[in-house]
Each structure stands twice: as structure tokens, then as C-alpha cells.
file upload.cif (mmCIF, C-alpha atoms)
data_input
#
loop_
_atom_site.label_atom_id
_atom_site.label_comp_id
_atom_site.auth_asym_id
_atom_site.auth_seq_id
_atom_site.Cartn_x
_atom_site.Cartn_y
_atom_site.Cartn_z
CA MET A 1 -21.34 5.09 3.77
CA GLU A 2 -17.64 5.45 4.25
CA LEU A 3 -16.28 4.83 7.72
CA GLU A 4 -12.82 5.47 9.05
CA PRO A 5 -11.49 4.57 12.49
CA ALA A 6 -10.73 7.84 14.25
CA LYS A 7 -7.38 6.79 15.71
CA PRO A 8 -4.56 8.97 17.02
CA PHE A 9 -2.08 6.67 15.29
CA GLU A 10 -3.38 5.68 11.90
CA PHE A 11 -2.35 4.93 8.36
CA SER A 12 -3.36 7.20 5.49
CA SER A 13 -6.65 6.37 3.83
CA PHE A 14 -9.05 8.07 1.46
CA HIS A 15 -12.35 6.40 0.60
CA PHE A 16 -14.55 3.31 0.17
CA SER A 17 -18.04 1.81 0.36
CA GLU A 18 -20.04 0.90 3.45
CA MET A 19 -19.70 -2.85 2.97
CA ALA A 20 -15.92 -2.61 3.08
CA SER A 21 -15.90 0.48 5.23
CA LEU A 22 -14.39 -0.93 8.39
CA TRP A 23 -11.01 -1.75 6.87
CA VAL A 24 -10.92 -1.91 3.09
CA SER A 25 -10.63 1.88 2.81
CA PHE A 26 -6.85 1.75 3.02
CA LEU A 27 -6.57 -1.02 0.41
CA GLN A 28 -6.09 1.59 -2.33
CA TYR A 29 -2.96 2.84 -0.61
CA LEU A 30 -1.68 -0.44 0.78
CA PRO A 31 1.84 0.28 -0.58
CA LEU A 32 2.09 2.95 2.13
CA LEU A 33 1.13 0.59 4.93
CA ARG A 34 4.66 -0.12 6.14
CA ARG A 35 5.99 3.35 5.53
CA THR A 36 3.26 5.80 6.48
CA TRP A 37 2.15 6.91 9.91
CA VAL A 38 0.52 9.95 11.42
CA LEU A 39 1.02 11.24 14.95
CA SER A 40 -1.67 13.59 16.23
CA LEU A 41 0.08 16.18 18.36
CA PHE A 42 -2.95 18.34 19.20
CA ARG A 43 -6.63 18.13 18.35
CA LEU A 44 -9.37 20.71 18.82
CA SER A 45 -12.99 19.93 17.97
CA CYS A 46 -15.32 22.92 18.13
CA LEU A 47 -18.49 20.78 18.00
CA GLY A 48 -20.75 23.56 16.81
CA LEU A 49 -19.04 26.57 18.41
CA PRO A 50 -19.22 29.47 15.92
CA LEU A 51 -16.13 31.24 17.22
CA LEU A 52 -13.23 30.32 19.44
CA THR A 53 -12.84 32.65 22.38
CA ALA A 54 -10.83 32.48 25.58
CA LYS A 55 -13.88 31.03 27.31
CA HIS A 56 -14.20 28.29 24.70
CA PHE A 57 -10.55 27.31 25.09
CA LEU A 58 -11.22 26.68 28.78
CA ASP A 59 -14.02 24.25 27.96
CA LYS A 60 -12.83 20.83 29.18
CA SER A 61 -14.86 18.99 26.56
CA LEU A 62 -12.46 20.24 23.86
CA TYR A 63 -9.42 18.47 25.30
CA SER A 64 -8.25 14.97 26.07
CA VAL A 65 -5.34 13.38 27.88
CA ALA A 66 -3.78 10.23 26.41
CA LEU A 67 -0.97 7.83 27.19
CA ALA A 68 0.46 5.57 24.49
CA THR A 69 3.33 3.14 24.25
CA GLN A 70 4.78 1.03 21.45
CA LEU A 71 6.91 -2.06 22.04
CA SER A 72 8.96 -4.03 19.56
CA LEU A 73 8.36 -7.68 20.45
CA SER A 74 10.59 -8.90 17.62
CA PRO A 75 12.14 -7.48 14.42
CA SER A 76 8.86 -8.20 12.62
CA THR A 77 6.29 -7.74 15.42
CA SER A 78 5.25 -4.62 17.29
CA LEU A 79 2.62 -3.86 19.92
CA LEU A 80 0.82 -0.55 20.38
CA TRP A 81 -1.32 0.28 23.40
CA SER A 82 -3.01 3.56 24.25
CA THR A 83 -5.58 4.91 26.70
CA GLU A 84 -7.33 8.25 26.52
CA ARG A 85 -9.72 10.27 28.62
CA GLN A 86 -11.63 13.06 26.94
CA GLY A 87 -12.75 16.19 28.75
CA GLU A 88 -15.41 15.71 31.36
CA LYS A 89 -16.52 12.29 30.08
CA LYS A 90 -16.27 9.37 32.46
CA GLY A 91 -14.25 6.33 31.57
CA TYR A 92 -11.31 5.78 29.23
CA ARG A 93 -10.91 4.97 25.55
CA ASN A 94 -8.52 2.01 25.23
CA LYS A 95 -6.84 0.68 22.09
CA PHE A 96 -4.65 -2.33 21.53
CA LYS A 97 -2.86 -3.31 18.31
CA ILE A 98 -0.45 -6.08 17.33
CA TYR A 99 1.23 -5.70 13.95
CA HIS A 100 3.24 -8.58 12.42
CA GLN A 101 5.19 -8.52 9.16
CA LEU A 102 5.53 -11.62 6.99
CA PRO A 103 7.64 -11.82 3.81
CA ASP A 104 4.61 -11.20 1.57
CA HIS A 105 1.83 -10.26 3.99
CA ASP A 106 0.95 -8.08 6.96
CA ILE A 107 -1.15 -9.33 9.87
CA THR A 108 -2.91 -6.90 12.21
CA LEU A 109 -4.96 -7.52 15.35
CA ASP A 110 -6.94 -4.50 16.58
CA ALA A 111 -9.10 -4.14 19.68
CA ALA A 112 -10.73 -1.01 21.09
CA TRP A 113 -13.26 -0.31 23.82
CA PRO A 114 -14.92 1.89 22.87
CA GLU A 115 -13.91 2.58 19.26
CA LEU A 116 -14.60 5.79 17.37
CA PHE A 117 -15.51 5.76 13.66
CA MET A 118 -16.18 8.64 11.27
CA ASP A 119 -18.58 8.43 8.34
CA ARG A 120 -18.39 10.31 5.04
CA LYS A 121 -20.39 13.24 6.43
CA GLY A 122 -17.86 13.82 9.20
CA LYS A 123 -20.13 12.44 11.93
CA TYR A 124 -18.48 10.38 14.66
CA TRP A 125 -19.96 7.12 15.95
CA GLU A 126 -18.86 5.38 19.13
CA VAL A 127 -18.99 1.57 19.21
CA PRO A 128 -18.72 0.05 22.72
CA GLU A 129 -16.35 -2.69 21.58
CA SER A 130 -14.61 -3.41 18.29
CA ILE A 131 -12.21 -6.30 17.50
CA SER A 132 -10.69 -7.17 14.11
CA LEU A 133 -8.10 -9.56 12.69
CA ASP A 134 -6.82 -8.76 9.20
CA MET A 135 -4.26 -10.10 6.74
CA SER A 136 -3.25 -8.15 3.64
CA SER A 137 -0.86 -8.83 0.79
CA LEU A 138 2.05 -6.55 -0.02
CA PRO A 139 2.18 -4.61 -3.30
CA SER A 140 3.22 -6.67 -6.31
CA ASP A 141 4.64 -5.72 -9.68
CA SER A 142 1.44 -6.95 -11.32
CA GLY A 143 -0.68 -4.46 -9.35
CA LEU A 144 -2.83 -7.17 -7.77
CA GLN A 145 -3.52 -7.00 -4.04
CA TYR A 146 -5.92 -8.78 -1.69
CA HIS A 147 -7.10 -8.48 1.86
CA PHE A 148 -9.31 -10.54 4.15
CA GLY A 149 -10.23 -10.55 7.81
CA ILE A 150 -12.80 -10.94 10.58
CA HIS A 151 -14.46 -8.09 12.44
CA LYS A 152 -16.76 -8.10 15.47
CA ASN A 153 -18.78 -5.24 16.96
CA SER A 154 -20.44 -5.42 20.37
CA GLY A 155 -23.03 -2.97 21.63
CA HIS A 156 -25.06 -0.40 19.73
CA PRO A 157 -23.27 2.58 18.13
CA GLN A 158 -24.06 6.03 19.48
CA ALA A 159 -23.68 9.40 17.76
CA PHE A 160 -20.64 11.04 19.32
CA ASN A 161 -21.05 14.66 18.25
CA ALA A 162 -24.69 14.84 17.16
CA LEU A 163 -28.06 14.60 18.84
CA ASP A 164 -29.66 12.39 16.24
CA GLY A 165 -28.93 10.43 13.09
CA GLU A 166 -29.09 6.94 11.68
CA ALA A 167 -26.21 4.65 12.54
CA PRO A 168 -24.51 2.86 9.60
CA SER A 169 -25.50 -0.80 9.44
CA ALA A 170 -21.82 -1.82 9.23
CA LEU A 171 -21.37 -0.63 12.83
CA MET A 172 -24.26 -2.61 14.28
CA PRO A 173 -23.48 -5.64 16.54
CA GLY A 174 -22.35 -8.76 14.78
CA LEU A 175 -19.52 -10.93 13.50
CA CYS A 176 -18.44 -10.39 9.90
CA ALA A 177 -15.94 -12.08 7.57
CA LYS A 178 -14.75 -9.85 4.74
CA ALA A 179 -12.52 -10.19 1.72
CA ALA A 180 -11.39 -7.75 -0.96
CA PHE A 181 -9.12 -7.63 -3.98
CA SER A 182 -7.92 -4.81 -6.19
CA TYR A 183 -5.94 -4.33 -9.38
CA GLN A 184 -4.11 -1.03 -9.79
CA LYS A 185 -2.22 0.41 -12.73
CA SER A 186 -0.55 3.78 -13.29
CA LYS A 187 1.19 5.41 -16.24
CA ASP A 188 3.24 8.57 -16.54
CA ILE A 189 2.20 10.95 -19.30
CA TRP A 190 5.52 12.71 -18.77
CA ARG A 191 8.06 12.90 -15.92
CA ARG A 192 11.26 14.85 -15.37
CA LYS A 193 13.66 12.57 -13.52
CA GLU A 194 15.88 13.93 -10.77
CA THR A 195 19.52 14.37 -11.83
CA LYS A 196 22.82 14.93 -10.04
CA GLU A 197 22.79 18.54 -11.22
CA ASP A 198 19.52 19.07 -9.35
CA LEU A 199 21.11 17.97 -6.09
CA ILE A 200 24.42 19.85 -6.39
CA ILE A 201 24.25 23.64 -6.60
CA LYS A 202 27.42 25.47 -7.71
CA THR A 203 28.10 29.02 -6.53
CA ASP A 204 31.10 31.37 -6.32
CA LYS A 205 31.70 30.12 -2.78
CA GLY A 206 31.64 26.47 -3.82
CA SER A 207 29.15 23.66 -4.27
CA TYR A 208 26.53 22.54 -1.82
CA TRP A 209 23.90 19.83 -1.61
CA ARG A 210 20.25 20.91 -2.01
CA PRO A 211 17.77 18.03 -1.91
CA SER A 212 14.02 18.43 -2.20
CA TYR A 213 12.11 19.35 0.95
CA ASP A 214 10.13 16.11 0.39
CA VAL A 215 11.47 13.17 -1.63
CA ARG A 216 7.93 12.30 -2.76
CA LEU A 217 7.58 15.71 -4.41
CA ARG A 218 10.97 15.94 -6.10
CA GLU A 219 9.97 15.08 -9.69
CA PRO A 220 7.61 17.18 -11.86
CA HIS A 221 5.22 14.93 -13.75
CA ALA A 222 1.75 14.22 -15.06
CA ALA A 223 0.26 10.77 -14.55
CA ILE A 224 -2.97 8.81 -14.74
CA SER A 225 -3.90 5.78 -12.66
CA GLY A 226 -6.84 3.51 -12.10
CA ILE A 227 -7.99 0.85 -9.71
CA ILE A 228 -10.74 -1.75 -9.89
CA GLY A 229 -11.65 -4.30 -7.30
CA GLY A 230 -14.32 -6.22 -5.48
CA THR A 231 -15.48 -6.92 -1.95
CA CYS A 232 -17.60 -9.55 -0.28
CA ALA A 233 -18.92 -9.84 3.26
CA ALA A 234 -20.72 -12.50 5.29
CA TRP A 235 -22.50 -11.77 8.58
CA PHE A 236 -22.87 -14.65 11.05
CA GLU A 237 -24.98 -12.93 13.69
CA LYS A 238 -28.60 -13.94 14.15
CA GLY A 239 -31.07 -11.40 12.90
CA SER A 240 -28.61 -9.88 10.43
CA LYS A 241 -31.39 -9.29 7.91
CA ASN A 242 -32.90 -6.65 10.13
CA VAL A 243 -30.50 -4.55 12.13
CA GLU A 244 -33.09 -2.16 13.53
CA SER A 245 -32.04 -1.58 17.10
CA GLN A 246 -32.65 0.74 19.97
CA SER A 247 -30.37 2.80 22.12
CA GLU A 248 -30.47 2.97 25.89
CA ASP A 249 -33.20 5.63 25.59
CA ASN A 250 -35.29 3.31 23.37
CA ILE A 251 -34.62 5.51 20.33
CA PRO A 252 -34.07 3.54 17.08
CA THR A 253 -30.50 3.94 15.84
CA THR A 254 -31.03 2.49 12.37
CA ASN A 255 -33.72 0.97 10.20
CA ASN A 256 -31.40 -0.33 7.47
CA LYS A 257 -31.48 -3.94 6.41
CA ARG A 258 -28.19 -5.81 6.40
CA SER A 259 -27.92 -8.78 4.10
CA PRO A 260 -26.15 -11.84 5.59
CA LEU A 261 -24.16 -12.23 2.35
CA SER A 262 -23.19 -9.41 0.00
CA ALA A 263 -20.70 -8.68 -2.77
CA ASP A 264 -19.90 -5.66 -4.91
CA PHE A 265 -17.32 -4.01 -7.17
CA PHE A 266 -15.67 -0.58 -6.98
CA GLY A 267 -13.38 1.56 -9.11
CA SER A 268 -11.37 4.78 -9.16
CA ALA A 269 -9.64 6.90 -11.79
CA CYS A 270 -7.00 9.49 -10.88
CA TYR A 271 -5.08 12.26 -12.63
CA THR A 272 -2.02 13.99 -11.11
CA PHE A 273 -0.14 17.06 -12.30
CA GLN A 274 2.91 18.52 -10.54
CA HIS A 275 5.02 21.53 -11.47
CA GLY A 276 8.30 22.17 -9.70
CA GLN A 277 10.75 20.10 -7.66
CA PHE A 278 10.06 21.64 -4.24
CA ARG A 279 13.69 22.78 -3.75
CA LYS A 280 13.73 26.53 -4.23
CA LEU A 281 12.41 29.11 -1.78
CA TYR A 282 9.51 30.29 -3.96
CA GLY A 283 7.35 29.08 -6.84
CA ASP A 284 8.77 25.56 -7.00
CA LEU A 285 5.68 23.46 -6.23
CA THR A 286 2.18 23.43 -7.65
CA ARG A 287 0.35 20.14 -7.57
CA VAL A 288 -3.21 19.05 -8.42
CA ASP A 289 -4.69 15.60 -7.75
CA ALA A 290 -8.16 14.67 -9.03
CA ARG A 291 -9.75 11.31 -8.32
CA LEU A 292 -13.17 10.02 -9.36
CA ASP A 293 -14.55 7.24 -7.14
CA LEU A 294 -17.36 4.80 -7.75
CA SER A 295 -17.83 2.90 -4.50
CA SER A 296 -20.60 0.51 -5.56
CA LEU A 297 -21.04 -0.76 -9.09
CA SER A 298 -24.28 -2.58 -8.25
CA SER A 299 -25.89 0.57 -6.80
CA PHE A 300 -24.69 2.58 -9.79
CA ALA A 301 -26.20 0.04 -12.20
CA LYS A 302 -29.52 0.10 -10.32
CA ARG A 303 -29.57 3.86 -10.57
CA ILE A 304 -28.95 3.78 -14.32
CA PHE A 305 -31.91 1.43 -14.74
CA LYS A 306 -33.91 3.63 -12.33
CA SER A 307 -34.41 0.96 -9.72
CA SER A 308 -36.18 2.06 -6.54
CA SER A 309 -33.83 -0.10 -4.44
CA ALA A 310 -30.71 1.87 -5.46
CA ASN A 311 -28.72 3.31 -2.56
CA LYS A 312 -28.39 7.00 -3.44
CA SER A 313 -25.28 7.51 -1.29
CA LEU A 314 -23.39 4.58 -2.83
CA SER A 315 -24.64 5.01 -6.40
CA SER A 316 -23.40 8.59 -6.77
CA PRO A 317 -19.82 9.10 -8.03
CA ARG A 318 -17.56 11.26 -5.88
CA LEU A 319 -14.80 13.60 -6.98
CA ASN A 320 -11.84 14.21 -4.67
CA LEU A 321 -9.67 17.23 -5.44
CA ILE A 322 -6.35 18.16 -3.78
CA PHE A 323 -4.52 21.39 -4.52
CA GLN A 324 -1.04 22.12 -3.12
CA GLN A 325 0.92 25.35 -3.51
CA GLN A 326 4.30 26.28 -2.06
CA VAL A 327 4.09 29.45 0.04
CA ALA A 328 7.74 29.92 0.99
CA GLY A 329 10.51 27.39 1.46
CA PRO A 330 9.16 24.26 3.17
CA ILE A 331 5.72 25.80 3.84
CA VAL A 332 2.88 24.48 1.66
CA PHE A 333 -0.78 25.48 1.53
CA ARG A 334 -3.17 22.64 0.73
CA VAL A 335 -6.92 22.31 0.07
CA ASP A 336 -8.71 18.93 0.15
CA SER A 337 -12.28 18.86 -1.16
CA LYS A 338 -14.84 16.08 -1.63
CA LEU A 339 -17.71 16.60 -4.04
CA LEU A 340 -20.77 14.41 -4.47
CA LEU A 341 -21.79 14.35 -8.13
CA ASP A 342 -25.49 14.32 -7.40
CA SER A 343 -28.27 16.73 -6.58
CA LYS A 344 -28.90 17.66 -2.98
CA ALA A 345 -32.27 18.35 -1.40
CA GLY A 346 -33.31 21.75 -2.72
CA LYS A 347 -30.17 22.10 -4.87
CA LEU A 348 -29.30 20.89 -8.35
CA GLY A 349 -25.92 19.60 -9.49
CA PRO A 350 -22.81 18.54 -7.53
CA HIS A 351 -22.35 19.73 -3.97
CA ILE A 352 -19.42 19.79 -1.56
CA GLU A 353 -19.37 17.17 1.19
CA ASP A 354 -16.24 18.39 2.96
CA VAL A 355 -13.36 20.86 2.61
CA ILE A 356 -10.12 20.82 4.60
CA TYR A 357 -7.60 23.68 4.62
CA SER A 358 -4.08 23.03 5.86
CA LEU A 359 -0.59 24.48 6.19
CA SER A 360 2.40 22.15 6.38
CA TYR A 361 6.07 22.62 7.21
CA SER A 362 8.25 19.96 5.57
CA LEU A 363 11.19 18.60 7.55
CA ARG A 364 13.99 18.02 5.05
CA LEU A 365 16.09 15.96 7.48
CA LEU A 366 13.28 13.36 7.64
CA ARG A 367 13.28 13.08 3.81
CA SER A 368 9.47 12.94 3.75
CA GLY A 369 8.16 14.28 7.03
CA LYS A 370 6.11 17.35 7.90
CA VAL A 371 4.14 19.07 10.60
CA VAL A 372 0.58 19.75 9.42
CA ALA A 373 -2.08 22.04 10.87
CA TRP A 374 -5.50 21.54 9.29
CA TYR A 375 -9.05 22.74 9.83
CA SER A 376 -12.42 21.58 8.48
CA PRO A 377 -15.06 24.37 8.51
CA LYS A 378 -17.89 21.91 7.92
CA ARG A 379 -16.92 19.63 10.80
CA LYS A 380 -15.60 22.59 12.83
CA GLU A 381 -12.61 20.49 13.73
CA GLY A 382 -8.86 21.03 13.52
CA MET A 383 -5.67 19.16 14.29
CA ILE A 384 -1.90 19.47 14.38
CA GLU A 385 -0.10 16.34 13.21
CA LEU A 386 3.34 14.98 12.42
CA ARG A 387 3.15 12.99 9.18
CA LEU A 388 5.85 10.76 7.71
CA PHE A 389 5.92 9.47 4.11
CA GLU A 390 2.36 10.58 3.45
CA PHE A 391 0.83 10.15 -0.01
#

call {"tool": "encode", "arguments": {"input": "upload.cif", "output": "C-alpha cells"}}
result
Amino acid sequence: MELEPAKPFEFSSFHFSEMASLWVSFLQYLPLLRRTWVLSLFRLSCLGLPLLTAKHFLDKSLYSVALATQLSLSPSTSLLWSTERQGEKKGYRNKFKIYHQLPDHDITLDAAWPELFMDRKGKYWEVPESISLDMSSLPSDSGLQYHFGIHKNSGHPQAFNALDGEAPSALMPGLCAKAAFSYQKSKDIWRRKETKEDLIIKTDKGSYWRPSYDVRLREPHAAISGIIGGTCAAWFEKGSKNVESQSEDNIPTTNNKRSPLSADFFGSACYTFQHGQFRKLYGDLTRVDARLDLSSLSSFAKRIFKSSSANKSLSSPRLNLIFQQQVAGPIVFRVDSKLLLDSKAGKLGPHIEDVIYSLSYSLRLLRSGKVVAWYSPKRKEGMIELRLFEF
């Protein structure tokens, strides 16, 4: 099961398996690590409300108040601290991060109490205490990258926005050492390079400069890419073979078995097509991204050989589709969808796991920055964000 830290300041990520779920998910897009960040300006979670009315907007549980600060300790080291109080809930959510840049690596120390994680189904889980220390390599010309670290959870995870459910075993208490590597390669089928004539527009009144609204969307192209890699994890907590636990109300939170030592392989294949340079007022951007993910090769192999021990969630390939269309000027409509290529209970064939609709306004002065408003009907959650240099 995929897990993502639900942080107000976070790097872009897309997908991965449960074993590597706590941090390996952003390994695919590690080249963006030093250049991508997202600032959540406003967040509204409906949590099951069918319609938003004036009465619903006055519900305190929908809002939170947060204070955050970032300090530059040195040219290569920064510290981020934040505290948040949500609605009528007692207590505060505290987060602490130290980020250090080395010539060829990045080192990150994260601590949160409590920490909020989101699984693939959009369900939030609250872990009383989460601490991690990670070191990752920077992108290389060869396409090889690696990442390793230590992660510790304390306390039993609780469902944040649901009454029941089974907690992922990766969030159960314990100390874990993890390592991952990946090899990525991409190739352009065709690409129209940006020229000086594209930037300079000549009119009867003279010439003027007209760059793209987003430098990452300035070149029409079609490309294919792929990534393969592996992960391994070792748990050092006693009783790691059986992580069945109970909540404060003596209700079991999970019955999954967690192996003290595990290893697996993963892979992805992606196709991208873009029409337009995103410069003109209308009809200058249409982009489609399709990515097929296989998060666990071992589970997939067990399923092929019809093994009863195959994990259905990890063995099923997933298809991620992104469609972007320019509406007018810097305004872009975008649809993100995640499809599970497997039958669902009572239904045959692929089914949709999540869909996100969004409108963005690109800020040309920031070269690759935009304000994004998105909404997920399945999670009944929306957000307004400021994104810089997003993939």
C-alpha cells in the first residue's frame, strides 16, 4: 500500500510499494528534490459532507491554524519547523526538518509528533511519533540513483478520517533500515526545440519578448521513459513477524504479518505527448502523460503462478493518466486519474482508485510557478497551493 506523508510543505511524489512507502515514493522524481516545493495556502476537507453550505463552512473541524518558519543555518543547511492545530481537536501537530546539501548527496532529518500519512485509497493515518534520517544521491548522467535511511515509528496508527480500517503494517511501531536503488532512462521520439524566434515577437509597433508561461512546458514533444529498481528493508523491533496490535479501545488495527527482512523490485513505463508551447492566449497547450506502474515484482510473479500468498494490492499494475488543456492564457485545466488494472468486488475489469480535477494559473515571472486549486470527489477534499518547478 502506498503511503505519503501529508505535509503542508512537501516535495512532489507519485507512487510506490508498501515496503518502501515511507520515503522511497519520491525516488522516481529525485531530480526535482532541490528544485520543487509546494506551499499549501488553503485546505478544505469535507470528510463525507455531500454538499458545502454556509453551515458547513462554519464547522471548525474543516479548518486549521498553523505557524511555520524556515531558517538558513548555512549556505547548504536549512531548518524547517511548523506547528498546527486543527479545528476542535486538542493538542498540536509539530514537525521538524533539517535539510543538508552535500556535493553529491542530500541528507534529511525529519521528526513529527504526530505525523499524518495517506495511503493509496486516500485514507489518512495518524502515527503518534515518526522520526527518519535519510541520505539520497543526486541525479547522474548514467541514470543510476540510490537512497538509504532509518525510520522509527512509535505508538499505534489511528484512522484519521474513517471509523474503521486496517492500518498498513509499514506504519506499525518499530525501527526499520531501508535502502533503494533505481535506474532511469528516457528518450525523445521527437521534440521541437525552442528558438530565438519563439521568444521574440515582431509587430508593427516593434518587437517584444514572449516567453512560455512555464519553462517546463515550452517545447512540444513526444517521449518514452522507464525506470527499474529495487528495495530492501530490515526491521529490528521485537515481534516484527506479527504486527497485530490493538488501539486504545482494544480494537485490532491490523492483522498483517511483517517480515523482519524483505526485498523486492519495481518498475514503471511512461509515455508523454505535448502539443503547443504554452505561449499564446488560446489552443497552445495539450498534454497527456500515461504511466504504468508495477510496485512489486515478487507479488506480480506470485499472481502469475496463481500463488495464494500473492498480495492483490501490490500484484496489480496501476495506470496513472494526466491530461492538461490550456483554457485561456496562463489558465490550465488538469485531470489526474489512477486506475487499478484488476477486478473489483462485484465489478470486472479496471476500476478508478482516485480522480483529481484542478485549475492552475501559471505565474510567468516565476518561470515555473503556479497557483493550483484542486478537488478530489472520491476523498471529498480540496486544496489551494502555490507550486514551483513542479513535474

call {"tool": "resolve_selection", "arguments": {"input": "upload.cif", "expression": "the PyMOL selection byres ((chain A and resi 233) around 10)", "output": "list of chain:residue names"}}
result
A:Met19, A:Ala20, A:Phe148, A:Gly149, A:Ile150, A:Cys176, A:Ala177, A:Lys178, A:Ala179, A:Ala180, A:Thr231, A:Cys232, A:Ala234, A:Trp235, A:Phe236, A:Ser259, A:Pro260, A:Leu261, A:Ser262, A:Ala263, A:Asp264

call {"tool": "atom_distance", "arguments": {"input": "upload.cif", "atom1": "atom CA of Ile227 of chain A", "atom2": "atom CA of Ser298 of chain A"}}
result
16.7 Å

call {"tool": "resolve_selection", "arguments": {"input": "upload.cif", "expression": "the PyMOL selection byres ((chain A and resi 197) around 12)", "output": "ChimeraX atom specification"}}
result
/A:193-196,198-202,207-211

call {"tool": "resolve_selection", "arguments": {"input": "upload.cif", "expression": "the PyMOL selection byres ((chain A and resi 354) around 8)", "output": "ChimeraX atom specification"}}
result
/A:121-122,337-339,352-353,355-356,376,378-379

call {"tool": "atom_distance", "arguments": {"input": "upload.cif", "atom1": "atom CA of Leu281 of chain A", "atom2": "atom CA of Val335 of chain A"}}
result
20.6 Å

call {"tool": "atom_distance", "arguments": {"input": "upload.cif", "atom1": "atom CA of Leu109 of chain A", "atom2": "atom CA of Lys97 of chain A"}}
result
5.6 Å

call {"tool": "residues_around", "arguments": {"input": "upload.cif", "residues": "Gln326 of chain A", "least_positions_apart": "4", "cutoff": "12 Å", "atoms": "all atoms listed in the file", "output": "mmCIF file with C-alpha atoms, in the frame of the given file"}}
result
data_model
loop_
_atom_site.group_PDB
_atom_site.id
_atom_site.type_symbol
_atom_site.label_atom_id
_atom_site.label_comp_id
_atom_site.auth_asym_id
_atom_site.auth_seq_id
_atom_site.Cartn_x
_atom_site.Cartn_y
_atom_site.Cartn_z
ATOM 1 C CA TYR A 213 12.110 19.350 0.950
ATOM 2 C CA ASP A 214 10.130 16.110 0.390
ATOM 3 C CA LEU A 217 7.580 15.710 -4.410
ATOM 4 C CA GLN A 274 2.910 18.520 -10.540
ATOM 5 C CA HIS A 275 5.020 21.530 -11.470
ATOM 6 C CA GLY A 276 8.300 22.170 -9.700
ATOM 7 C CA GLN A 277 10.750 20.100 -7.660
ATOM 8 C CA PHE A 278 10.060 21.640 -4.240
ATOM 9 C CA ARG A 279 13.690 22.780 -3.750
ATOM 10 C CA LYS A 280 13.730 26.530 -4.230
ATOM 11 C CA LEU A 281 12.410 29.110 -1.780
ATOM 12 C CA TYR A 282 9.510 30.290 -3.960
ATOM 13 C CA GLY A 283 7.350 29.080 -6.840
ATOM 14 C CA ASP A 284 8.770 25.560 -7.000
ATOM 15 C CA LEU A 285 5.680 23.460 -6.230
ATOM 16 C CA THR A 286 2.180 23.430 -7.650
ATOM 17 C CA ARG A 287 0.350 20.140 -7.570
ATOM 18 C CA PRO A 330 9.160 24.260 3.170
ATOM 19 C CA ILE A 331 5.720 25.800 3.840
ATOM 20 C CA VAL A 332 2.880 24.480 1.660
ATOM 21 C CA PHE A 333 -0.780 25.480 1.530
ATOM 22 C CA ARG A 334 -3.170 22.640 0.730
ATOM 23 C CA SER A 358 -4.080 23.030 5.860
ATOM 24 C CA LEU A 359 -0.590 24.480 6.190
ATOM 25 C CA SER A 360 2.400 22.150 6.380
ATOM 26 C CA TYR A 361 6.070 22.620 7.210
ATOM 27 C CA SER A 362 8.250 19.960 5.570
#

call {"tool": "residues_around", "arguments": {"input": "upload.cif", "residues": "Ser137 of chain A", "least_positions_apart": "3", "cutoff": "8 Å", "atoms": "only C-alpha atoms", "output": "MDAnalysis selection string"}}
result
chainID A and resid 104:106 145:147

call {"tool": "write_last_selection", "arguments": {"input": "upload.cif", "atoms": "C-alpha atoms", "output": "mmCIF file, in the coordinates of the input"}}
result
data_model
loop_
_atom_site.group_PDB
_atom_site.id
_atom_site.type_symbol
_atom_site.label_atom_id
_atom_site.label_comp_id
_atom_site.auth_asym_id
_atom_site.auth_seq_id
_atom_site.Cartn_x
_atom_site.Cartn_y
_atom_site.Cartn_z
ATOM 1 C CA ASP A 104 4.610 -11.200 1.570
ATOM 2 C CA HIS A 105 1.830 -10.260 3.990
ATOM 3 C CA ASP A 106 0.950 -8.080 6.960
ATOM 4 C CA GLN A 145 -3.520 -7.000 -4.040
ATOM 5 C CA TYR A 146 -5.920 -8.780 -1.690
ATOM 6 C CA HIS A 147 -7.100 -8.480 1.860
#

call {"tool": "build_atoms", "arguments": {"input": "upload.cif", "residues": "segment 368-380 of chain A", "atoms": "N, CA and C atoms", "output": "PDB file, keeping the file's coordinate frame"}}
result
ATOM      1  N   SER A 368      10.868  12.744   4.111  1.00  0.00           N
ATOM      2  CA  SER A 368       9.470  12.940   3.750  1.00  0.00           C
ATOM      3  C   SER A 368       8.629  13.031   5.022  1.00  0.00           C
ATOM      4  N   GLY A 369       8.886  14.056   5.793  1.00  0.00           N
ATOM      5  CA  GLY A 369       8.160  14.280   7.030  1.00  0.00           C
ATOM      6  C   GLY A 369       7.726  15.737   7.119  1.00  0.00           C
ATOM      7  N   LYS A 370       6.609  15.987   7.791  1.00  0.00           N
ATOM      8  CA  LYS A 370       6.110  17.350   7.900  1.00  0.00           C
ATOM      9  C   LYS A 370       5.180  17.491   9.086  1.00  0.00           C
ATOM     10  N   VAL A 371       5.105  18.703   9.578  1.00  0.00           N
ATOM     11  CA  VAL A 371       4.140  19.070  10.600  1.00  0.00           C
ATOM     12  C   VAL A 371       2.975  19.753   9.898  1.00  0.00           C
ATOM     13  N   VAL A 372       1.765  19.266  10.139  1.00  0.00           N
ATOM     14  CA  VAL A 372       0.580  19.750   9.420  1.00  0.00           C
ATOM     15  C   VAL A 372      -0.438  20.284  10.416  1.00  0.00           C
ATOM     16  N   ALA A 373      -0.956  21.466  10.122  1.00  0.00           N
ATOM     17  CA  ALA A 373      -2.080  22.040  10.870  1.00  0.00           C
ATOM     18  C   ALA A 373      -3.245  22.184   9.903  1.00  0.00           C
ATOM     19  N   TRP A 374      -4.352  21.500  10.193  1.00  0.00           N
ATOM     20  CA  TRP A 374      -5.500  21.540   9.290  1.00  0.00           C
ATOM     21  C   TRP A 374      -6.780  21.891  10.038  1.00  0.00           C
ATOM     22  N   TYR A 375      -7.767  22.370   9.253  1.00  0.00           N
ATOM     23  CA  TYR A 375      -9.050  22.740   9.830  1.00  0.00           C
ATOM     24  C   TYR A 375     -10.157  22.451   8.818  1.00  0.00           C
ATOM     25  N   SER A 376     -11.247  21.867   9.303  1.00  0.00           N
ATOM     26  CA  SER A 376     -12.420  21.580   8.480  1.00  0.00           C
ATOM     27  C   SER A 376     -13.570  22.474   8.923  1.00  0.00           C
ATOM     28  N   PRO A 377     -13.955  23.483   8.122  1.00  0.00           N
ATOM     29  CA  PRO A 377     -15.060  24.370   8.510  1.00  0.00           C
ATOM     30  C   PRO A 377     -16.385  23.637   8.674  1.00  0.00           C
ATOM     31  N   LYS A 378     -16.615  22.604   7.847  1.00  0.00           N
ATOM     32  CA  LYS A 378     -17.890  21.910   7.920  1.00  0.00           C
ATOM     33  C   LYS A 378     -17.997  21.079   9.194  1.00  0.00           C
ATOM     34  N   ARG A 379     -16.917  20.411   9.565  1.00  0.00           N
ATOM     35  CA  ARG A 379     -16.920  19.630  10.800  1.00  0.00           C
ATOM     36  C   ARG A 379     -16.565  20.459  12.019  1.00  0.00           C
ATOM     37  N   LYS A 380     -16.060  21.707  11.755  1.00  0.00           N
ATOM     38  CA  LYS A 380     -15.600  22.590  12.830  1.00  0.00           C
ATOM     39  C   LYS A 380     -14.604  21.856  13.715  1.00  0.00           C
TER      40      LYS A 380
END
